[in-house]
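Colleague: One structure is given below, represented as structure tokens, and several questions about it will come after.
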Amino acid sequence: MTGKHVPASSLEEREQELLDAVRATQTPAAELFGDATALATEDAAELATAEEEVRTSLGAGLRPVLREIGGRLTGIGAVAVLLMVLRSGWSIDVDIAHALVAASVLLVFLGWVVLRALFVAGRPGSTISVSVVLGAVVVAGIAFAANLGSGHYAARDVPVPLLALAMLTPGVVLLMVSQRMPQQVLRQQWSDEQWMRRFTGGLRARLMPSPTARDHVTEIEHALELAGTSAYTEFGHPLVLARDLAATNRVARTRRWWLLTLTGTFAPLLIAALIATSHSWGALTIPVVLAFVLSAAVALGTAWGDRPWVTRR
């Protein structure tokens with residue numbers, strides 16, 4: 001049931017229900033309920049809620065953002081350390097230009113997490129602003145490195161284990177901090193203006209067609225005029241409503257499927273092509289390239305099984 005957007009209270013209640021049934025009948029769980037994965041799939045379809053999906057999404061708060069950034073820092077750091085050992089042994093000269101390029105690339109990976117969080121949270125204005133600033137910083141860093149050129153060293157014969165410690169520590173610390181942070185709760189205090197703005201952003205984030213999104217906004221505005229209550233009181237959390245509406249719109253579902261499928265397929269292939277052309281992994285180049293190609297194939301196969309235009313029975 002992990003990652004299936006089932007509230008903890010519902011999960012605990014379901015577990016207790018299954019345990020009670022096992023104890024009452026004195027029958028093994030596998031015999032009484034059948035395959036655990038199949039039962040979990042059925043239960044998740046029934047017990048999952050849009051509120052839980054929003055609460056645990058990347059745009060719900062600082063905790064999931066820190067967790068993903070920490071994971072990326074740790075993974076990228078581990079790969080960088082392995083690459084340094086393969087290319088330079090147990091000591092390395094720190095070239096300033098190479099370090100700037102590496103920092104710029106790392107900023108792209110981490111900035112992508114922040115941009116996704118803002119976009120999912122229904123903040124298109126902030127997403128655009130941060131993307132412009134991020135792009136300017138990355139371009140400036142790479143341009144400065146290109147003008148400086150290689151051959152300028154910040155330090156020589158630096159032990160790789162020391163660099164590994166410095167590179168892995170931030171990611172591990174962020175993972176520990178995010179693990180200790182309390183679970184975020186959905187915001188409950190909204191002005192109608194804030195609610196409508198976030199609702200509109202939520203529809204855009206779910207790739208709802210613009211005419212349909214405008215129709216939903218107009219319909220809600222009319223309903224609020226008649227009801228005489230606040231938007232939150234009448235419709236609940238804006239992102240929850242936006243997800244519910246987008247889930248019933250076939251165009252929005254299809255757009256999201258194409259976006260996720262193309263990203264999950266072509267990003268590993270692009271990385272594989274870059275590694276193959278640069279030969280930066282030495283003897284491990286072919287195995288690493290094949291691993292990325294296999295990752296793209298798995299992503300495509302998984303996505304094809306979930307294509308939205310197929311009617312489920």
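If you're wondering about the labels, chains in the structure tokens are A, B, ... by order shown, residues count from 1 in each chain, ligands from 1 in order shown.
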Give one line per residue of stretch 174-290 of chain A that approaches stretch 56-63 of chain A to at most 10 Å, naming the two atoms of the closest pair and their distance in Å to one decimal, counting only C-alpha atoms; sort by chain then ascending residue number and deliver it as a Markdown table.
Modeller:
```
| residue | atom | partner | partner_atom | distance |
| --- | --- | --- | --- | --- |
| A:Leu174 | CA | A:Arg63 | CA | 9.6 |
| A:Leu175 | CA | A:Arg63 | CA | 9.4 |
| A:Val177 | CA | A:Arg63 | CA | 8.5 |
| A:Ser178 | CA | A:Arg63 | CA | 5.2 |
| A:Gln179 | CA | A:Arg63 | CA | 7.9 |
| A:Arg180 | CA | A:Arg63 | CA | 9.1 |
| A:Met181 | CA | A:Arg63 | CA | 6.5 |
| A:Pro182 | CA | A:Arg63 | CA | 8.0 |
| A:Gln183 | CA | A:Arg63 | CA | 7.5 |
| A:Gln184 | CA | A:Gly61 | CA | 6.4 |
| A:Val185 | CA | A:Ala60 | CA | 8.2 |
| A:Leu186 | CA | A:Ala60 | CA | 7.5 |
| A:Arg187 | CA | A:Ala60 | CA | 9.2 |
| A:Leu239 | CA | A:Ala60 | CA | 9.7 |
```
Colleague: Show me, as an MDAnalysis selection string, the residues that have an atom within 10 Å of A:Asp157 when counting only C-alpha atoms, minus same-chain residues fewer than 6 positions from it.
Modeller: chainID A and resid 88 90:94
Colleague: May I have the residues within 9 Å of stretch 115-121 of chain A as a list in words, using only C-alpha atoms and disregarding those fewer than 5 positions away in the same chain?
Modeller: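 The contact residues come out as Val54, Ser57, Leu58, Gly59, Ala60, Gly61, Pro64, Val65, Leu110, Ser126, Thr127, Ile128, Val130, Ser131, Arg198, Gly201, Gly202, Arg204, Ala205, Arg206 and Leu239 of chain A.
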Colleague: Might you pull out every residue within 12 Å of A:Thr37, with only C-alpha atoms counted and same-chain residues fewer than 6 positions away left off, and present them as a list in words?
Modeller: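 That gives Met1, Thr2, Ala30, Asp43 and Ala44 of chain A.
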Colleague: For the residues selected in the previous step, produce a file with C-alpha atoms as a tab-separated table (two decimals), in the first residue's frame.
Modeller:
```
chain	number	residue	atom	x	y	z
A	1	MET	CA	0.00	0.00	0.00
A	2	THR	CA	3.05	2.28	0.16
A	30	ALA	CA	-2.73	-16.10	2.19
A	43	ASP	CA	-7.92	-1.81	-1.45
A	44	ALA	CA	-5.84	1.11	-2.70
```
Colleague: Which residues, written as a ChimeraX atom specification, have at least one atom at most 12 Å from A:Thr41, with only C-alpha atoms counted and residues fewer than 5 positions away on the same chain left out?
Modeller: /A:1-6,35-36,46-48
Colleague: Write the residues you've just listed into a file as a PDB file, in the first residue's frame, and include C-alpha atoms for each of them.
Modeller:
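Below you can see again-v6.pdb, which holds the result:
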```
ATOM      1  CA  MET A   1       0.000   0.000   0.000  1.00  0.00           C
ATOM      2  CA  THR A   2       3.047   2.284   0.163  1.00  0.00           C
ATOM      3  CA  GLY A   3       2.754   5.299  -2.098  1.00  0.00           C
ATOM      4  CA  LYS A   4      -0.886   4.543  -2.989  1.00  0.00           C
ATOM      5  CA  HIS A   5      -2.274   7.721  -1.335  1.00  0.00           C
ATOM      6  CA  VAL A   6      -4.183   5.840   1.361  1.00  0.00           C
ATOM      7  CA  ASP A  35      -2.485 -12.775  -3.279  1.00  0.00           C
ATOM      8  CA  ALA A  36      -1.365  -9.832  -1.112  1.00  0.00           C
ATOM      9  CA  GLU A  46     -11.088   1.973  -2.875  1.00  0.00           C
ATOM     10  CA  LEU A  47      -9.312   3.702   0.021  1.00  0.00           C
ATOM     11  CA  ALA A  48      -7.047   6.209  -1.754  1.00  0.00           C
TER      12      ALA A  48
END
```
Colleague: Which of stretch 66-214 of chain A counts as strand (DSSP E or B) under DSSP, as a PDB file with C-alpha atoms, in the first residue's frame please?
Modeller:
```pdb
ATOM      1  CA  SER A  91      43.566  11.789  -5.246  1.00  0.00           C
ATOM      2  CA  ILE A  92      42.436  14.468  -7.654  1.00  0.00           C
ATOM      3  CA  ASP A  93      43.257  18.007  -8.743  1.00  0.00           C
ATOM      4  CA  VAL A  94      40.221  20.286  -8.390  1.00  0.00           C
ATOM      5  CA  ASP A  95      39.963  22.275 -11.614  1.00  0.00           C
ATOM      6  CA  TYR A 153      43.220  24.636  -9.910  1.00  0.00           C
ATOM      7  CA  ALA A 154      41.609  25.400  -6.584  1.00  0.00           C
ATOM      8  CA  ALA A 155      43.576  22.570  -4.947  1.00  0.00           C
ATOM      9  CA  ARG A 156      45.882  19.741  -5.963  1.00  0.00           C
ATOM     10  CA  ASP A 157      46.143  16.125  -4.809  1.00  0.00           C
ATOM     11  CA  VAL A 158      42.946  16.334  -2.777  1.00  0.00           C
ATOM     12  CA  PRO A 159      42.096  12.909  -1.278  1.00  0.00           C
TER      13      PRO A 159
END
```
Colleague: DSSP on the backbone, then: every residue of stretch 79-269 of chain A marked helix (DSSP H, G or I), written as a PyMOL selection string.
Modeller: chain A and resi 79-88+96-120+124-148+160-180+192-205+210-227+231-235+238-247+250-269
Colleague: May I have the residues within 12 Å of A:Ala29 as a PyMOL selection string, using only C-alpha atoms and disregarding those fewer than 6 positions away in the same chain?
Modeller: chain A and resi 15+17-23+35-36+39
Colleague: Each residue of stretch 5-115 of chain A with at least one atom at most 12 Å from stretch 244-247 of chain A should appear once, together with its nearest atom pair and the corresponding distance in Å (one decimal); atoms considered: only C-alpha atoms; ordering: chain, then increasing residue number; output as a Markdown table.
Modeller:
```
| residue | atom | partner | partner_atom | distance |
| --- | --- | --- | --- | --- |
| A:Thr49 | CA | A:Asp244 | CA | 9.6 |
| A:Ala50 | CA | A:Asp244 | CA | 6.9 |
| A:Glu51 | CA | A:Asp244 | CA | 9.7 |
| A:Glu53 | CA | A:Asp244 | CA | 10.7 |
| A:Val54 | CA | A:Asp244 | CA | 10.7 |
```
